[in-house]
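Data from input_11.pdb: PDB, C-alpha atoms
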ATOM      1  CA  MET A 545     -40.579 -23.394  42.882
ATOM      2  CA  ARG A 546     -40.498 -19.624  43.254
ATOM      3  CA  ARG A 547     -44.136 -19.429  42.198
ATOM      4  CA  ARG A 548     -45.242 -22.202  44.512
ATOM      5  CA  GLY A 549     -43.354 -20.658  47.475
ATOM      6  CA  GLY A 550     -44.857 -17.259  46.749
ATOM      7  CA  GLN A 551     -48.338 -18.748  46.668
ATOM      8  CA  ARG A 552     -47.876 -20.498  49.969
ATOM      9  CA  ALA A 553     -46.684 -17.273  51.630
ATOM     10  CA  ALA A 554     -49.591 -15.305  50.161
ATOM     11  CA  CYS A 555     -52.125 -17.858  51.343
ATOM     12  CA  ARG A 556     -50.919 -17.955  54.899
ATOM     13  CA  THR A 557     -51.396 -14.236  55.571
ATOM     14  CA  PRO A 558     -55.201 -14.109  54.903
ATOM     15  CA  ASP A 559     -55.673 -17.238  56.980
ATOM     16  CA  ALA A 560     -53.893 -15.577  59.865
ATOM     17  CA  GLN A 561     -55.952 -12.438  59.521
ATOM     18  CA  GLY A 562     -59.196 -14.408  59.330
ATOM     19  CA  SER A 563     -58.402 -16.412  62.406
ATOM     20  CA  ALA A 564     -59.718 -13.628  64.681
ATOM     21  CA  GLY A 565     -63.259 -14.056  63.374
ATOM     22  CA  GLY A 566     -65.468 -11.035  63.974
ATOM     23  CA  ARG A 567     -63.593  -9.789  67.018
ATOM     24  CA  ARG A 568     -60.903  -7.147  66.793
ATOM     25  CA  PRO A 569     -57.657  -8.812  67.868
ATOM     26  CA  PRO A 570     -55.356  -7.054  70.250
ATOM     27  CA  ARG A 571     -52.734  -4.848  68.659
ATOM     28  CA  ILE A 572     -49.791  -6.934  69.940
ATOM     29  CA  ALA A 573     -51.343 -10.190  68.746
ATOM     30  CA  LEU A 574     -52.009  -8.662  65.312
ATOM     31  CA  LYS A 575     -48.389  -7.523  65.034
ATOM     32  CA  ALA A 576     -47.171 -10.961  66.026
ATOM     33  CA  VAL A 577     -49.346 -12.620  63.381
ATOM     34  CA  LEU A 578     -48.174 -10.199  60.677
ATOM     35  CA  LEU A 579     -44.533 -10.675  61.691
ATOM     36  CA  ALA A 580     -44.859 -14.445  61.588
ATOM     37  CA  GLY A 581     -46.485 -14.292  58.154
ATOM     38  CA  ALA A 582     -43.695 -12.075  56.816
ATOM     39  CA  LEU A 583     -41.041 -14.429  58.213
ATOM     40  CA  LEU A 584     -42.746 -17.453  56.670
ATOM     41  CA  ALA A 585     -43.052 -15.697  53.278
ATOM     42  CA  GLY A 586     -39.378 -14.677  53.306
ATOM     43  CA  ALA A 587     -38.297 -18.197  54.228
ATOM     44  CA  ALA A 588     -40.391 -19.647  51.402
ATOM     45  CA  VAL A 589     -38.877 -17.232  48.860
ATOM     46  CA  MET A 590     -35.315 -17.963  50.015
ATOM     47  CA  THR A 591     -35.956 -21.705  49.892
ATOM     48  CA  ALA A 592     -37.265 -21.445  46.339
ATOM     49  CA  ALA A 593     -34.401 -19.250  45.137
ATOM     50  CA  ALA A 594     -31.548 -21.158  46.777
ATOM     51  CA  PRO A 595     -31.554 -24.247  44.479
ATOM     52  CA  GLU A 596     -31.619 -22.051  41.379
ATOM     53  CA  SER A 597     -28.483 -20.187  42.450
ATOM     54  CA  THR A 598     -26.519 -23.382  43.178
ATOM     55  CA  VAL A 599     -27.339 -25.261  39.943
ATOM     56  CA  PRO A 600     -24.315 -25.034  37.621
ATOM     57  CA  PRO A 601     -24.900 -23.778  34.067
ATOM     58  CA  ARG A 602     -25.837 -26.482  31.633
ATOM     59  CA  ALA A 603     -22.833 -27.611  29.687
ATOM     60  CA  THR A 604     -23.018 -27.149  25.942
ATOM     61  CA  PRO A 605     -22.730 -30.539  24.187
ATOM     62  CA  PRO A 606     -19.528 -30.859  22.172
ATOM     63  CA  GLN A 607     -20.051 -30.404  18.488
ATOM     64  CA  ALA A 608     -19.047 -33.220  16.189
ATOM     65  CA  SER A 609     -15.967 -32.577  14.143
ATOM     66  CA  THR A 610     -16.896 -31.827  10.559
ATOM     67  CA  PRO A 611     -14.594 -31.928   7.545
ATOM     68  CA  VAL A 612     -12.962 -28.592   6.836
ATOM     69  CA  ARG A 613     -13.050 -27.455   3.236
ATOM     70  CA  LEU A 614     -10.067 -25.271   2.537
ATOM     71  CA  ALA A 615      -9.726 -22.325   0.225
ATOM     72  CA  GLN A 616      -9.428 -22.901  -3.495
ATOM     73  CA  GLY A 617      -5.955 -22.607  -4.920
ATOM     74  CA  ALA A 618      -4.696 -20.167  -7.481
ATOM     75  CA  GLY A 619      -5.238 -22.666 -10.261
ATOM     76  CA  GLY A 620      -9.017 -22.680  -9.924
ATOM     77  CA  GLY A 621     -11.211 -21.357 -12.649
ATOM     78  CA  ALA A 622     -13.048 -18.083 -12.591
ATOM     79  CA  ASP A 623     -16.301 -19.900 -12.073
ATOM     80  CA  GLY A 624     -15.107 -21.247  -8.751
ATOM     81  CA  SER A 625     -14.627 -24.766 -10.056
ATOM     82  CA  GLY A 626     -11.553 -26.733  -9.201
ATOM     83  CA  SER A 627     -10.192 -28.762  -6.347
ATOM     84  CA  ALA A 628      -9.306 -28.043  -2.764
ATOM     85  CA  PHE A 629      -8.047 -30.397  -0.089
ATOM     86  CA  VAL A 630     -10.660 -31.577   2.393
ATOM     87  CA  SER A 631      -9.369 -32.598   5.819
ATOM     88  CA  GLU A 632     -10.867 -35.666   7.481
ATOM     89  CA  GLY A 633     -10.454 -34.070  10.909
ATOM     90  CA  VAL A 634     -10.267 -36.344  13.939
ATOM     91  CA  LEU A 635      -9.326 -39.929  13.161
ATOM     92  CA  PRO A 636     -10.417 -42.562  15.719
ATOM     93  CA  GLY A 637      -7.562 -44.019  17.715
ATOM     94  CA  SER A 638      -4.959 -41.579  16.430
ATOM     95  CA  PRO A 639      -2.231 -40.581  18.891
ATOM     96  CA  GLY A 640      -2.734 -36.910  18.032
ATOM     97  CA  LYS A 641      -6.353 -37.090  19.316
ATOM     98  CA  GLY A 642      -7.488 -34.636  16.660
ATOM     99  CA  ARG A 643      -5.137 -31.854  17.803
ATOM    100  CA  GLU A 644      -3.333 -31.739  14.449
ATOM    101  CA  ARG A 645      -4.969 -31.077  11.101
ATOM    102  CA  ILE A 646      -3.772 -30.551   7.564
ATOM    103  CA  VAL A 647      -4.166 -27.210   5.824
ATOM    104  CA  ALA A 648      -2.991 -27.599   2.216
ATOM    105  CA  ASP A 649      -3.615 -26.648  -1.383
ATOM    106  CA  LEU A 650      -2.239 -27.015  -4.931
ATOM    107  CA  ASP A 651      -0.714 -24.596  -7.400
ATOM    108  CA  GLN A 652      -3.016 -25.928 -10.145
ATOM    109  CA  ASN A 653      -6.338 -27.708  -9.883
ATOM    110  CA  ARG A 654      -6.429 -29.279 -13.352
ATOM    111  CA  VAL A 655      -3.984 -30.500 -15.976
ATOM    112  CA  ALA A 656      -4.636 -29.806 -19.668
ATOM    113  CA  ILE A 657      -3.123 -32.165 -22.255
ATOM    114  CA  THR A 658      -2.465 -30.278 -25.473
ATOM    115  CA  ALA A 659      -0.728 -31.230 -28.706
ATOM    116  CA  GLY A 660       2.613 -30.022 -27.338
ATOM    117  CA  PHE A 661       2.200 -31.476 -23.832
ATOM    118  CA  ASP A 662       5.537 -32.870 -22.635
ATOM    119  CA  GLY A 663       4.772 -33.296 -18.941
ATOM    120  CA  SER A 664       3.857 -31.095 -16.029
ATOM    121  CA  GLU A 665       4.355 -30.708 -12.297
ATOM    122  CA  ILE A 666       2.071 -30.511  -9.276
ATOM    123  CA  PHE A 667       3.230 -28.321  -6.402
ATOM    124  CA  VAL A 668       1.649 -29.242  -3.058
ATOM    125  CA  PHE A 669       2.067 -26.904  -0.103
ATOM    126  CA  GLY A 670       0.494 -26.654   3.294
ATOM    127  CA  ALA A 671       0.875 -26.501   7.059
ATOM    128  CA  VAL A 672      -0.080 -28.388  10.214
ATOM    129  CA  LYS A 673      -2.797 -26.702  12.265
ATOM    130  CA  ARG A 674      -2.677 -27.493  15.978
ATOM    131  CA  THR A 675      -5.283 -26.865  18.676
ATOM    132  CA  GLY A 676      -2.850 -27.572  21.505
ATOM    133  CA  PRO A 677       0.802 -28.237  22.228
ATOM    134  CA  GLU A 678       2.707 -30.439  19.825
ATOM    135  CA  PRO A 679       2.215 -34.123  20.715
ATOM    136  CA  VAL A 680       5.208 -36.135  21.889
ATOM    137  CA  SER A 681       3.911 -39.489  20.640
ATOM    138  CA  GLY A 682       6.540 -39.601  17.900
ATOM    139  CA  PRO A 683       8.182 -37.631  15.100
ATOM    140  CA  LEU A 684       5.962 -35.870  12.595
ATOM    141  CA  GLY A 685       5.835 -37.248   9.052
ATOM    142  CA  VAL A 686       4.092 -36.269   5.825
ATOM    143  CA  ALA A 687       3.275 -38.563   2.904
ATOM    144  CA  ILE A 688       1.652 -37.370  -0.340
ATOM    145  CA  THR A 689       0.183 -39.710  -2.946
ATOM    146  CA  LEU A 690      -1.132 -39.001  -6.429
ATOM    147  CA  VAL A 691      -3.120 -41.857  -7.969
ATOM    148  CA  GLY A 692      -4.357 -42.010 -11.554
ATOM    149  CA  PRO A 693      -7.530 -43.743 -12.753
ATOM    150  CA  PRO A 694      -7.409 -47.558 -12.524
ATOM    151  CA  GLU A 695      -7.116 -49.742 -15.598
ATOM    152  CA  LYS A 696      -7.196 -53.435 -16.444
ATOM    153  CA  ILE A 697      -3.843 -54.923 -17.426
ATOM    154  CA  ILE A 698      -2.807 -58.407 -18.575
ATOM    155  CA  VAL A 699       0.746 -59.302 -17.619
ATOM    156  CA  ARG A 700       2.299 -62.123 -19.652
ATOM    157  CA  LYS A 701       5.414 -64.122 -18.994
ATOM    158  CA  LYS A 702       7.550 -65.051 -21.962
ATOM    159  CA  GLU A 703       9.787 -68.083 -22.174
ATOM    160  CA  ARG A 704      12.294 -69.128 -24.779
ATOM    161  CA  VAL A 705      11.349 -72.409 -26.441
ATOM    162  CA  LYS A 706      13.621 -73.780 -29.180
ATOM    163  CA  GLY A 707      15.044 -70.363 -29.916
ATOM    164  CA  LEU A 708      11.659 -68.602 -29.960
ATOM    165  CA  TRP A 709      10.154 -66.361 -27.304
ATOM    166  CA  ILE A 710       6.525 -67.300 -26.661
ATOM    167  CA  ASN A 711       3.931 -66.334 -24.074
ATOM    168  CA  ARG A 712       3.402 -69.060 -21.504
ATOM    169  CA  ASP A 713       1.713 -67.797 -18.320
ATOM    170  CA  SER A 714      -0.330 -64.655 -17.724
ATOM    171  CA  LEU A 715      -2.060 -62.797 -14.922
ATOM    172  CA  VAL A 716      -5.117 -60.575 -15.268
ATOM    173  CA  ILE A 717      -4.959 -57.518 -13.012
ATOM    174  CA  GLU A 718      -8.438 -56.052 -12.664
ATOM    175  CA  ALA A 719      -7.343 -52.716 -11.212
ATOM    176  CA  ALA A 720      -3.944 -51.086 -11.354
ATOM    177  CA  PRO A 721      -3.361 -47.330 -11.213
ATOM    178  CA  SER A 722      -2.416 -45.800 -14.543
ATOM    179  CA  PHE A 723      -0.191 -43.425 -12.577
ATOM    180  CA  TYR A 724       1.105 -43.528  -9.016
ATOM    181  CA  ALA A 725       3.482 -41.188  -7.214
ATOM    182  CA  LEU A 726       4.397 -41.306  -3.541
ATOM    183  CA  ALA A 727       6.365 -38.462  -1.954
ATOM    184  CA  THR A 728       7.409 -38.639   1.697
ATOM    185  CA  SER A 729       9.370 -36.592   4.195
ATOM    186  CA  GLY A 730      11.507 -39.622   5.076
ATOM    187  CA  PRO A 731      11.742 -43.412   4.687
ATOM    188  CA  LEU A 732       8.252 -44.828   4.208
ATOM    189  CA  GLU A 733       8.797 -47.730   6.625
ATOM    190  CA  GLN A 734       9.615 -45.286   9.408
ATOM    191  CA  LEU A 735       6.790 -42.839   8.692
ATOM    192  CA  VAL A 736       3.883 -45.263   8.294
ATOM    193  CA  ALA A 737       3.497 -48.638   9.971
ATOM    194  CA  GLU A 738       2.688 -51.666   7.833
ATOM    195  CA  ASP A 739      -0.882 -52.019   9.107
ATOM    196  CA  GLU A 740      -1.512 -48.339   8.413
ATOM    197  CA  ARG A 741      -0.163 -48.719   4.876
ATOM    198  CA  LEU A 742      -2.598 -51.555   4.281
ATOM    199  CA  ARG A 743      -5.490 -49.644   5.846
ATOM    200  CA  TYR A 744      -5.002 -46.466   3.815
ATOM    201  CA  ARG A 745      -3.475 -48.163   0.742
ATOM    202  CA  ILE A 746      -0.207 -46.246   0.887
ATOM    203  CA  GLY A 747       2.192 -47.834  -1.580
ATOM    204  CA  ILE A 748       2.173 -49.199  -5.100
ATOM    205  CA  ARG A 749       1.502 -52.821  -4.151
ATOM    206  CA  GLN A 750      -1.475 -51.779  -2.029
ATOM    207  CA  GLN A 751      -3.059 -50.216  -5.127
ATOM    208  CA  ILE A 752      -2.871 -53.303  -7.361
ATOM    209  CA  PHE A 753      -5.781 -55.753  -7.209
ATOM    210  CA  SER A 754      -6.136 -59.099  -8.958
ATOM    211  CA  LEU A 755      -8.646 -61.865  -8.318
ATOM    212  CA  GLU A 756      -6.261 -64.402  -9.812
ATOM    213  CA  GLY A 757      -3.545 -63.060  -7.541
ATOM    214  CA  ILE A 758      -5.718 -63.874  -4.512
ATOM    215  CA  GLU A 759      -6.251 -67.445  -5.686
ATOM    216  CA  LYS A 760      -2.588 -68.082  -6.465
ATOM    217  CA  ALA A 761      -0.653 -65.564  -4.409
ATOM    218  CA  ALA A 762       2.712 -67.323  -4.763
ATOM    219  CA  GLN A 763       2.493 -67.414  -8.573
ATOM    220  CA  ALA A 764       1.120 -63.859  -8.809
ATOM    221  CA  ALA A 765       3.974 -62.128  -6.978
ATOM    222  CA  PRO A 766       6.450 -62.262  -9.941
ATOM    223  CA  PHE A 767       3.811 -60.830 -12.297
ATOM    224  CA  ILE A 768       3.063 -57.920  -9.958
ATOM    225  CA  GLU A 769       6.759 -57.193  -9.518
ATOM    226  CA  ALA A 770       7.214 -57.269 -13.289
ATOM    227  CA  LEU A 771       4.320 -54.826 -13.748
ATOM    228  CA  ILE A 772       5.788 -52.420 -11.206
ATOM    229  CA  ARG A 773       9.202 -52.646 -12.842
ATOM    230  CA  LEU A 774       7.800 -51.951 -16.320
ATOM    231  CA  GLN A 775       5.674 -49.034 -15.113
ATOM    232  CA  GLU A 776       8.664 -47.542 -13.294
ATOM    233  CA  LYS A 777      10.661 -47.662 -16.529
ATOM    234  CA  LYS A 778       7.843 -45.811 -18.286
ATOM    235  CA  GLY A 779       7.891 -43.184 -15.521
ATOM    236  CA  VAL A 780       4.293 -43.645 -14.384
ATOM    237  CA  TYR A 781       5.174 -45.297 -11.035
ATOM    238  CA  ARG A 782       7.420 -43.204  -8.801
ATOM    239  CA  ILE A 783       8.551 -43.416  -5.184
ATOM    240  CA  LEU A 784      10.007 -40.079  -4.066
ATOM    241  CA  GLU A 785      11.306 -40.571  -0.539
ATOM    242  CA  GLY A 786      12.528 -37.319   0.954
ATOM    243  CA  ALA A 787      10.767 -35.177  -1.662
ATOM    244  CA  VAL A 788       8.519 -33.557   0.967
ATOM    245  CA  GLN A 789      10.304 -30.642   2.632
ATOM    246  CA  LEU A 790       9.164 -30.242   6.247
ATOM    247  CA  SER A 791      10.092 -26.989   8.022
ATOM    248  CA  GLU A 792       9.928 -26.597  11.821
ATOM    249  CA  ALA A 793       7.398 -29.447  12.066
ATOM    250  CA  THR A 794       4.724 -27.104  10.692
ATOM    251  CA  LEU A 795       5.186 -26.147   7.014
ATOM    252  CA  PHE A 796       5.633 -28.631   4.182
ATOM    253  CA  HIS A 797       5.779 -28.616   0.396
ATOM    254  CA  ALA A 798       6.585 -31.042  -2.401
ATOM    255  CA  ARG A 799       6.820 -31.152  -6.188
ATOM    256  CA  ILE A 800       5.396 -34.183  -7.990
ATOM    257  CA  PRO A 801       6.456 -34.476 -11.649
ATOM    258  CA  LEU A 802       3.960 -35.712 -14.220
ATOM    259  CA  PRO A 803       5.123 -37.530 -17.373
ATOM    260  CA  ALA A 804       3.924 -36.793 -20.889
ATOM    261  CA  ASN A 805       2.129 -40.145 -21.246
ATOM    262  CA  LEU A 806      -0.659 -39.388 -18.790
ATOM    263  CA  THR A 807      -3.988 -41.170 -18.964
ATOM    264  CA  GLU A 808      -7.108 -39.034 -19.001
ATOM    265  CA  GLY A 809      -9.281 -39.082 -15.923
ATOM    266  CA  ASP A 810      -9.557 -37.878 -12.341
ATOM    267  CA  TYR A 811      -6.385 -38.144 -10.270
ATOM    268  CA  GLU A 812      -6.761 -38.466  -6.502
ATOM    269  CA  ALA A 813      -4.265 -36.505  -4.398
ATOM    270  CA  ARG A 814      -3.984 -37.431  -0.717
ATOM    271  CA  ILE A 815      -1.912 -36.067   2.146
ATOM    272  CA  PHE A 816      -1.256 -38.189   5.224
ATOM    273  CA  LEU A 817      -0.034 -36.727   8.510
ATOM    274  CA  THR A 818       1.660 -39.314  10.718
ATOM    275  CA  ARG A 819       2.915 -39.528  14.279
ATOM    276  CA  GLY A 820       4.920 -42.505  15.451
ATOM    277  CA  GLY A 821       3.912 -44.536  12.405
ATOM    278  CA  GLN A 822       0.189 -43.853  12.861
ATOM    279  CA  VAL A 823      -1.956 -41.679  10.605
ATOM    280  CA  VAL A 824      -3.394 -38.794  12.664
ATOM    281  CA  ASP A 825      -5.041 -36.865   9.821
ATOM    282  CA  ARG A 826      -5.503 -37.039   6.075
ATOM    283  CA  ALA A 827      -6.764 -34.713   3.368
ATOM    284  CA  GLU A 828      -7.703 -35.471  -0.215
ATOM    285  CA  THR A 829      -8.811 -33.813  -3.409
ATOM    286  CA  THR A 830      -9.332 -34.626  -7.087
ATOM    287  CA  ILE A 831      -7.322 -33.259 -10.008
ATOM    288  CA  PRO A 832      -8.967 -33.655 -13.442
ATOM    289  CA  VAL A 833      -6.592 -34.440 -16.333
ATOM    290  CA  HIS A 834      -8.147 -34.065 -19.800
ATOM    291  CA  LYS A 835      -7.200 -33.351 -23.376
ATOM    292  CA  VAL A 836      -8.048 -29.892 -24.690
ATOM    293  CA  GLY A 837      -8.046 -28.162 -28.065
ATOM    294  CA  LEU A 838      -7.584 -30.088 -31.326
ATOM    295  CA  GLU A 839      -6.572 -33.329 -29.590
ATOM    296  CA  ARG A 840      -9.743 -33.317 -27.533
ATOM    297  CA  TRP A 841     -11.866 -32.760 -30.646
ATOM    298  CA  ILE A 842     -10.178 -35.605 -32.545
ATOM    299  CA  TRP A 843     -10.449 -37.963 -29.567
ATOM    300  CA  ARG A 844     -14.141 -37.261 -29.103
ATOM    301  CA  LEU A 845     -14.783 -37.649 -32.805
ATOM    302  CA  ALA A 846     -13.023 -41.030 -32.882
ATOM    303  CA  HIS A 847     -14.804 -42.397 -29.787
ATOM    304  CA  GLU A 848     -18.244 -40.853 -30.108
ATOM    305  CA  HIS A 849     -18.620 -40.771 -33.929
ATOM    306  CA  PRO A 850     -16.397 -43.539 -35.314
ATOM    307  CA  LEU A 851     -18.096 -43.644 -38.749
ATOM    308  CA  THR A 852     -17.597 -39.936 -39.318
ATOM    309  CA  TYR A 853     -14.023 -40.214 -38.079
ATOM    310  CA  GLY A 854     -13.294 -43.092 -40.489
ATOM    311  CA  LEU A 855     -14.785 -41.298 -43.500
ATOM    312  CA  LEU A 856     -12.882 -38.140 -42.617
ATOM    313  CA  ALA A 857      -9.631 -40.090 -42.273
ATOM    314  CA  ILE A 858     -10.155 -41.721 -45.711
ATOM    315  CA  ALA A 859     -10.976 -38.377 -47.324
ATOM    316  CA  LEU A 860      -7.926 -36.744 -45.723
ATOM    317  CA  ALA A 861      -5.659 -39.584 -46.875
ATOM    318  CA  ALA A 862      -7.017 -39.372 -50.457
ATOM    319  CA  LEU A 863      -6.575 -35.591 -50.490
ATOM    320  CA  THR A 864      -3.010 -35.895 -49.203
ATOM    321  CA  GLY A 865      -2.200 -38.501 -51.859
ATOM    322  CA  TRP A 866      -3.659 -36.369 -54.647
ATOM    323  CA  ILE A 867      -1.680 -33.316 -53.504
ATOM    324  CA  ALA A 868       1.545 -35.346 -53.376
ATOM    325  CA  ALA A 869       0.934 -36.844 -56.852
ATOM    326  CA  THR A 870       0.207 -33.417 -58.335
ATOM    327  CA  PHE A 871       3.332 -31.957 -56.723
ATOM    328  CA  PHE A 872       5.647 -34.653 -58.137
ATOM    329  CA  ALA A 873       3.966 -34.394 -61.559
ATOM    330  CA  ILE A 874       4.796 -30.685 -61.657
ATOM    331  CA  LEU A 875       8.401 -31.439 -60.708
ATOM    332  CA  ARG A 876       8.797 -33.918 -63.630
ATOM    333  CA  ARG A 877       7.800 -31.324 -66.209
TER     334      ARG A 877
END
As structure tokens:
Amino acid sequence: MRRRGGQRAACRTPDAQGSAGGRRPPRIALKAVLLAGALLAGAAVMTAAAPESTVPPRATPPQASTPVRLAQGAGGGADGSGSAFVSEGVLPGSPGKGRERIVADLDQNRVAITAGFDGSEIFVFGAVKRTGPEPVSGPLGVAITLVGPPEKIIVRKKERVKGLWINRDSLVIEAAPSFYALATSGPLEQLVAEDERLRYRIGIRQQIFSLEGIEKAAQAAPFIEALIRLQEKKGVYRILEGAVQLSEATLFHARIPLPANLTEGDYEARIFLTRGGQVVDRAETTIPVHKVGLERWIWRLAHEHPLTYGLLAIALAALTGWIAATFFAILRR
């Protein structure tokens, strides 16, 4: 508009000067024409510049919230491998409206199972990062879960018939966690609502899946309860209410014990931040658990080269027997 206004003002002045034709206009008339042209040019420039000065600056579109990858913990390898919690950021419909996020890490990013492995412990620590004042939608809660790789299990029910215990009914569970630990900062029912527990699969029962259990839910319930009871006795299913220490509604930490009978695989660690029973943020990472050293070599030999493993076992047994026979023969002399 500035350019168009400037052009109009520039075009009007020659027209005014040419309007006198070949005669020499009077001096007063010439001044009047020049003054009118200057006024028209100034008005055109002001008209073109005025809208530009009143237009507000264009607002920058809000950037979409992206997951925040946190720093690697002290347990990471020198090559930079390992695990770090990744925050989901803003969760739709959460009462916190994305103002609270989880910043957390682990003391070790992998668990090595050796010949003398008798259990371990995972230390989870972190804080709540806020971009505004603390919400008043409800008390803050923290729940931490550690889930082992799923496995297929057949649960059988025994009955005593004529003095003998025999298997009668059974239930095939397609997927049940080989290990499950749940640590909370308070009672689970108060921290997470029932619909949120089903949505995010928080709880042991939410992790167990059986097609037969869907078809006959009433008959499957005793089998699932029996499985949970047996796994709790083995120490692979644990509910640790109150194990998460929450300080000043900002800092939190928890220790999750690991038994000696761990199954190899990738363990998923998740942290849930709750307000008023609703999950406002969550973060997750993966912890690899594998055998190392001599146990790893023997396991790989048995699973990847079974023929070689069998021949080696026979040769080792024959050698052990020959050494024992020679030893006792020397003692009899």
Tell me, as an MDAnalysis selection string, which residues lie within 12 Å of segment 804-811 of chain A, counting only C-alpha atoms; anything in the same chain fewer than 4 positions away does not count.
chainID A and resid 626:627 653:666 689:695 721:725 775 778:781 828:836 840 843
Please expand the PyMOL selection byres ((chain A and resi 668-681) around 9) into the concrete residues it hits in this file, giving the result as a list in words.
Pro639, Gly640, Gly642, Arg643, Glu644, Arg645, Ile646, Val647, Ala648, Asp649, Leu650, Asp651, Ile666, Phe667, Gly682, Pro683, Ile688, Ala793, Thr794, Leu795, Phe796, His797, Ala798, Arg799, Ile800, Leu817, Arg819 and Gly820 of chain A
Of A:Ile858, A:Val716, A:Ile746, A:Leu838, the one nearest to Val823 of chain A when counting only C-alpha atoms is A:Ile746
Atom CA of Ser631 of chain A and atom CA of Ile815 of chain A are how many Å apart?
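Between these atoms lies a distance of 9.0 Å.
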Gap from atom CA of Gly707 of chain A to atom CA of Glu776 of chain A - Å, one decimal:
28.9 Å
Just checking: using only C-alpha atoms, which residue out of A:Ile710, A:Glu740, A:Pro803, A:Gln763 ends up closest to Thr818 of chain A?
A:Glu740
Which distance in Å separates atom CA of Gln789 of chain A and atom CA of Leu726 of chain A, to one decimal?
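So the two atoms, atom CA of Gln789 of chain A and atom CA of Leu726 of chain A, lie 13.7 Å apart.
Proximity ranking of A:Lys696, A:Leu735, A:Leu708, A:Ser714 relative to Phe753 of chain A places A:Lys696 first, based on all atoms listed in the file.
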Would you place a box with edges along x, y and z of the file around all atoms of segment 829-842 of chain A listed there, add 5 Å to each of its six sides, and report the centre and edge lengths in Å to one decimal, as lines of an AutoDock Vina configuration file?
center_x = -9.2
center_y = -31.9
center_z = -18.0
size_x = 15.3
size_y = 17.4
size_z = 39.1
Please work out which residues fall within 10 Å of (-2.9, -58.9, -13.0), coordinates as given in the file, with all atoms listed in the file counting, and return them as JSON, numbers by chain.
{"A": [696, 697, 698, 699, 700, 714, 715, 716, 717, 718, 719, 720, 752, 753, 754, 755, 756, 757, 764, 765, 767, 768, 771]}
